[in-house]
Structure formats: structure tokens, C-alpha cells
Amino acid sequence: MRRTATALLSLSLTCLGACPWAPPARAAVREVPAGGDGLARAVAAAAPGDVLRLAPGLHQGGVTIDKPLTVEGPPGHAAVIDAGGAGSALTVTAPNVTVTGLTLKGSGAEQHAMDSGLLLMPTAAGARVVGNRVTGNLYGVYVQGPRDATVEDNDIAGRTDLPMSQRGNGVTVWNAPGARIIANRITGGRDGIFANASRQDLFQGNRMEGVRFAIHYMYTNDSRVLGNVSVGNDIGFALMFSDRLEVRDNQSAGDRDYGLLLNYANASTITGNRVEGRFRRTRPGQAMGDDGGDGAMMPRVAGTEGGFRTGTAKCVFVYNANKNRIAGNRFEGCDIGIHFTAGAERNTLTGNAFIGNRTQVMYVGTRSLDWSDHGRGNYWSDNPAFDLNGDGIADEAYRPNDLVDRVVWRFPAAKLLLNSPAIQVIRWAQAQFPALHPGGVIDSAPLMKPPPMTSPPMTSPPMTGDAPVDANAPLATASSQP
């Protein structure tokens, strides 16, 4: 027995000695003075598990963290790591690295090189990027393949001096299962958060302002988008070519084209979200639907160049998305409440509120769709209904569109005839004889009141020339509605 225990102890010590990242008996705290290449030298001299405490001032960037370390700054983000306009400020290749309390700035501008404030390589599993200020970089934080990385409570300000197609994202997640992107504040750059070819990720409590898409999902499955806020962006939440998502309690205020886009997003649950449109002016020289370079992947937004438009173009656009449950959301103040394409099938819509949209529903298709579930439909602010038995369900079905709407969508010049006697006769006849309706959306159990939401309405973003919205304002939360 004694010889067996000795052999096991010897084997364990051998394995620990062979591991390049075996933690020391006691981690050391190493003070790193500002100036020169002190940070690179400190990393080279450190043992796995050590803490590198950076002094206030400027530290030379372009450093690779190749062993498990904690790199931390003093209060107020006073330690600045500057890449000097080339490469990334910090690159992490070792697992279980923590970077906290720093200012990371000055990356290069090469997209193919992923020049970033902080670049996490595939071997950086379990990395934690917490409480940093990341500014003036091409990409803010680039999560390039590590498992279980956390990016939390960072202030990320992207570059706005480049054309949109040449900018980077605030946080990029590529093939990084288990990534947690939580409570970050992101402004400028291209997209706030961009996820591609990943799975089982969590995006929660982030606030994005002044970007193209607040959250942009591509081929990212089995993930959650919870409690995020998008203010004044081109698109709030663009969920594309992704399956089995939970999209809950998010808010979009004053986003220009769409609050929520489901483009080939399938088998997902969309609940408790709030989209609030408002009067917006297009940027000078920019056409409606200018997508900054991804036009092949994006359905276009109809409209004209310049001028005023009533609210966000579309609160929600469902484009060839299937088998989704869209329930308990509020879509308010948009040109179009929901645009639903004929290629979208087997979706359930119930318990939503469509309030004050210029056109509540746009559906150009011949099939009949009943937007109610188990005797419960949606609330429509333009539905002059009665509820004689007081059960909260209107006594008659609601049809948001008629034959005239379909003609106008296909031939916009027909708007000139909307007030003509012939059009009025057609609409009267359809109201009297429902069989004349050419198919489309019907809500067989419309609600008399909008379902309650626990989050208060958001403050709309300012008009052009007004003071900016405070990106550090506390986030509102909403609970899912049935």
C-alpha cells in the first residue's frame, strides 16, 4: 500500500511539472511601472497565476498574454495600454486570463488581422474581460474562438472616422461556444455585437447606441438575447440564419429601419420585447436601406432619399422565418407594425400589442393566416371593437388589411385614388361581405386592451442636433408575457 501511494504521488508531481500552466503554490503580485515595454517584460517574467498590477500612465501595447495571469489597472482606468496604431493593444493566447480595470486603445486598422483593443485567440478559454474602457480601436473586443469567454461591464467606443464598411464591431464573437457578453455599453463602430458561427451564447443587459445593428446574429444557434437596449441605430436586433434562440425583454427606441428583424431565424421564442418608433430624419445623402456593405444579406427598406418619415420603418420584419413564437411584445409608433413575408410559415403570434403604427400589418400573400392561439389574439389600437360579454376578447375578428392595401403595396401610385368614391365602395363591400377578402392576416380573437408590460416606455433618442442620449443610464427590464 505504501509503495502504491508513493507511486501515485510521484506520477501526480510529474504531471504537474509537465503542465506549462501549472499554478504556483502562491500567486505573486507584480507592480508594473508605466512607460516603455515594462508590460511585455512583466509578462515574460511572471509565473502562471500571477497578478500584474499596472501603474497609472501609458503602457506600450502590442503585448501577448501567453500564460494564465490577471492584468489589472488602478481605479479610474488610469493605466492605458496603447497599441500605437498597429496590431492589437492586448492579445490573449492562454486560458483563464483576466483583464480588468484598464484603458485599451490605439489598435491598427486591418480587418483581416482582427486589430482590436483586446483579441482573444481560440486557446484563451475561460478568459474574463471585465470593467475596461476600450476606445479608438478598429474592433473593441474580438472573441476569436475560445470557449466560455466572458466580456462584461466594459465601455466600448468604436471608431467613427472610417466608412461604415471599413469599421469593426464593438464585440465580435466567432465560433466561441458559451460566450457571455453582459452589461456592456457600446457606441460607434459598425455593429454593437456581432456573432457568427457560434452557439450556446448569452447576450444580456447590453446597451448599444450610434451603430449600424445593435445585435447582429449570423449562424449562431441555441443562444439567448435578453434584456438588451438599442437606441437610435439603423437596426436594433438583426437575427439571421440562426435557430432556437430565446429573444426576451429587449428594447428598441428610435431605430431607423427595423426594431427587430427575423431573417431565416427559426424555431425561436420572441417574448416581452418592446419596439418604440419615432420621427427620424435620414442622414444627408443616405438612402433608406443603406446597409453599409451587407446588402446581399439584407432585405431592403422601401422609401425615398432624404426627408421625414413617420417613425421607424418597421417595428418587426419577419422574412422567411419559420416555426417561431412571437408573444407578449409591444410594437409601437412605426410606419409598419409588422411586415410578414409569404415565405414565413408556421409562426404563432399571440398576446402582442400593435399601437399607433401607420400600417399595422403588411402581408403580401394569398394564404389566410390566423394570428391567435388558443382563443387569444393580439391588441390592435385601430380596432373599434366591442366586448359585450366582458371577457377581454373582441366580439368580431380583426382584419388589418383589405384588397385596397394590397393594390397600394404593389402599385404605390394608386395612393392617388384612396379618397375616390370607387375605393370607398370597394372597402364598404368588403366590410359587408367578408368573402370578398383575398386572404391574408386575420385575428380571430383580438384583445380589447394591450397586455401589461413591466418595463416603462423608454425615453426616445434625440433628433439630429440635440444632446446625445446618456449611454450610462440604467437599463430598464421587462418580464416575459404569456
# chains A, B, ... in the order shown; residues from 1 in each chain; ligands from 1

call {"tool": "residues_around", "arguments": {"residues": "range 325-338 of chain A", "least_positions_apart": "2", "cutoff": "7 Å", "atoms": "only C-alpha atoms", "output": "PyMOL selection string"}}
result
chain A and resi 268-278+310-317+323+340+347-362+480-482

call {"tool": "select_by_dssp", "arguments": {"residues": "range 140-220 of chain A", "states": "strand (DSSP E)", "output": "PDB file with C-alpha atoms, in the first residue's frame"}}
result
ATOM      1  CA  GLY A 140     -13.305  46.609 -29.439  1.00  0.00           C
ATOM      2  CA  VAL A 141     -13.129  43.047 -28.102  1.00  0.00           C
ATOM      3  CA  TYR A 142     -12.687  40.220 -30.624  1.00  0.00           C
ATOM      4  CA  VAL A 143     -13.602  36.778 -29.273  1.00  0.00           C
ATOM      5  CA  GLN A 144     -11.958  34.581 -31.912  1.00  0.00           C
ATOM      6  CA  THR A 150     -16.857  36.499 -20.591  1.00  0.00           C
ATOM      7  CA  VAL A 151     -16.960  40.141 -21.717  1.00  0.00           C
ATOM      8  CA  GLU A 152     -18.724  42.126 -19.014  1.00  0.00           C
ATOM      9  CA  ASP A 155     -17.317  50.794 -22.017  1.00  0.00           C
ATOM     10  CA  ILE A 156     -16.552  50.321 -25.711  1.00  0.00           C
ATOM     11  CA  ALA A 157     -16.381  53.257 -28.121  1.00  0.00           C
ATOM     12  CA  GLY A 158     -15.648  52.340 -31.744  1.00  0.00           C
ATOM     13  CA  VAL A 171     -17.745  42.983 -29.641  1.00  0.00           C
ATOM     14  CA  THR A 172     -17.227  40.258 -32.240  1.00  0.00           C
ATOM     15  CA  VAL A 173     -17.924  36.616 -31.350  1.00  0.00           C
ATOM     16  CA  TRP A 174     -16.751  33.982 -33.826  1.00  0.00           C
ATOM     17  CA  ARG A 180     -21.166  35.592 -22.183  1.00  0.00           C
ATOM     18  CA  ILE A 181     -21.473  39.199 -23.343  1.00  0.00           C
ATOM     19  CA  ILE A 182     -23.072  41.039 -20.431  1.00  0.00           C
ATOM     20  CA  ARG A 185     -22.074  49.918 -23.135  1.00  0.00           C
ATOM     21  CA  ILE A 186     -21.199  50.222 -26.811  1.00  0.00           C
ATOM     22  CA  THR A 187     -21.163  53.259 -29.094  1.00  0.00           C
ATOM     23  CA  ILE A 193     -22.299  42.982 -31.058  1.00  0.00           C
ATOM     24  CA  PHE A 194     -21.755  40.629 -33.993  1.00  0.00           C
ATOM     25  CA  ALA A 195     -21.951  36.856 -33.575  1.00  0.00           C
ATOM     26  CA  ASN A 196     -21.107  34.423 -36.350  1.00  0.00           C
ATOM     27  CA  LEU A 202     -25.625  34.705 -23.860  1.00  0.00           C
ATOM     28  CA  PHE A 203     -26.012  38.387 -24.740  1.00  0.00           C
ATOM     29  CA  GLN A 204     -27.635  40.131 -21.796  1.00  0.00           C
ATOM     30  CA  ARG A 207     -26.746  48.962 -24.363  1.00  0.00           C
ATOM     31  CA  MET A 208     -25.844  49.959 -27.930  1.00  0.00           C
ATOM     32  CA  GLU A 209     -26.104  53.396 -29.490  1.00  0.00           C
ATOM     33  CA  PHE A 213     -27.007  46.938 -35.979  1.00  0.00           C
ATOM     34  CA  ALA A 214     -27.184  46.803 -32.202  1.00  0.00           C
ATOM     35  CA  ILE A 215     -27.001  42.984 -32.160  1.00  0.00           C
ATOM     36  CA  HIS A 216     -26.292  41.068 -35.365  1.00  0.00           C
ATOM     37  CA  TYR A 217     -26.646  37.272 -35.314  1.00  0.00           C
ATOM     38  CA  MET A 218     -25.434  35.044 -38.156  1.00  0.00           C
TER      39      MET A 218
END

call {"tool": "residues_around", "arguments": {"residues": "Ile442 in chain A", "least_positions_apart": "3", "cutoff": "8 Å", "atoms": "only C-alpha atoms", "output": "PDB file with N, CA, C and O atoms, in the first residue's frame"}}
result
ATOM      1  N   SER A 368     -54.420  32.541 -46.032  1.00  0.00           N
ATOM      2  CA  SER A 368     -55.071  33.124 -44.863  1.00  0.00           C
ATOM      3  C   SER A 368     -54.308  32.701 -43.611  1.00  0.00           C
ATOM      4  O   SER A 368     -54.030  31.512 -43.405  1.00  0.00           O
ATOM      5  N   LEU A 369     -53.968  33.666 -42.764  1.00  0.00           N
ATOM      6  CA  LEU A 369     -53.223  33.421 -41.536  1.00  0.00           C
ATOM      7  C   LEU A 369     -54.045  33.907 -40.357  1.00  0.00           C
ATOM      8  O   LEU A 369     -54.499  35.065 -40.342  1.00  0.00           O
ATOM      9  N   ASP A 370     -54.254  33.042 -39.367  1.00  0.00           N
ATOM     10  CA  ASP A 370     -54.967  33.430 -38.156  1.00  0.00           C
ATOM     11  C   ASP A 370     -53.938  33.702 -37.062  1.00  0.00           C
ATOM     12  O   ASP A 370     -53.250  32.784 -36.603  1.00  0.00           O
ATOM     13  N   TRP A 371     -53.829  34.965 -36.656  1.00  0.00           N
ATOM     14  CA  TRP A 371     -52.869  35.344 -35.630  1.00  0.00           C
ATOM     15  C   TRP A 371     -53.539  35.342 -34.260  1.00  0.00           C
ATOM     16  O   TRP A 371     -53.723  36.376 -33.610  1.00  0.00           O
ATOM     17  N   ALA A 397     -63.822  39.355 -35.376  1.00  0.00           N
ATOM     18  CA  ALA A 397     -62.429  39.207 -35.811  1.00  0.00           C
ATOM     19  C   ALA A 397     -61.900  40.528 -36.375  1.00  0.00           C
ATOM     20  O   ALA A 397     -62.668  41.396 -36.808  1.00  0.00           O
ATOM     21  N   TYR A 398     -60.593  40.663 -36.365  1.00  0.00           N
ATOM     22  CA  TYR A 398     -59.936  41.878 -36.873  1.00  0.00           C
ATOM     23  C   TYR A 398     -59.155  41.525 -38.130  1.00  0.00           C
ATOM     24  O   TYR A 398     -58.375  40.568 -38.150  1.00  0.00           O
ATOM     25  N   ARG A 399     -59.396  42.309 -39.182  1.00  0.00           N
ATOM     26  CA  ARG A 399     -58.636  42.169 -40.429  1.00  0.00           C
ATOM     27  C   ARG A 399     -57.856  43.458 -40.650  1.00  0.00           C
ATOM     28  O   ARG A 399     -58.457  44.504 -40.912  1.00  0.00           O
ATOM     29  N   PRO A 400     -56.546  43.414 -40.542  1.00  0.00           N
ATOM     30  CA  PRO A 400     -55.775  44.653 -40.666  1.00  0.00           C
ATOM     31  C   PRO A 400     -55.680  45.192 -42.081  1.00  0.00           C
ATOM     32  O   PRO A 400     -55.405  46.375 -42.271  1.00  0.00           O
TER      33      PRO A 400
END
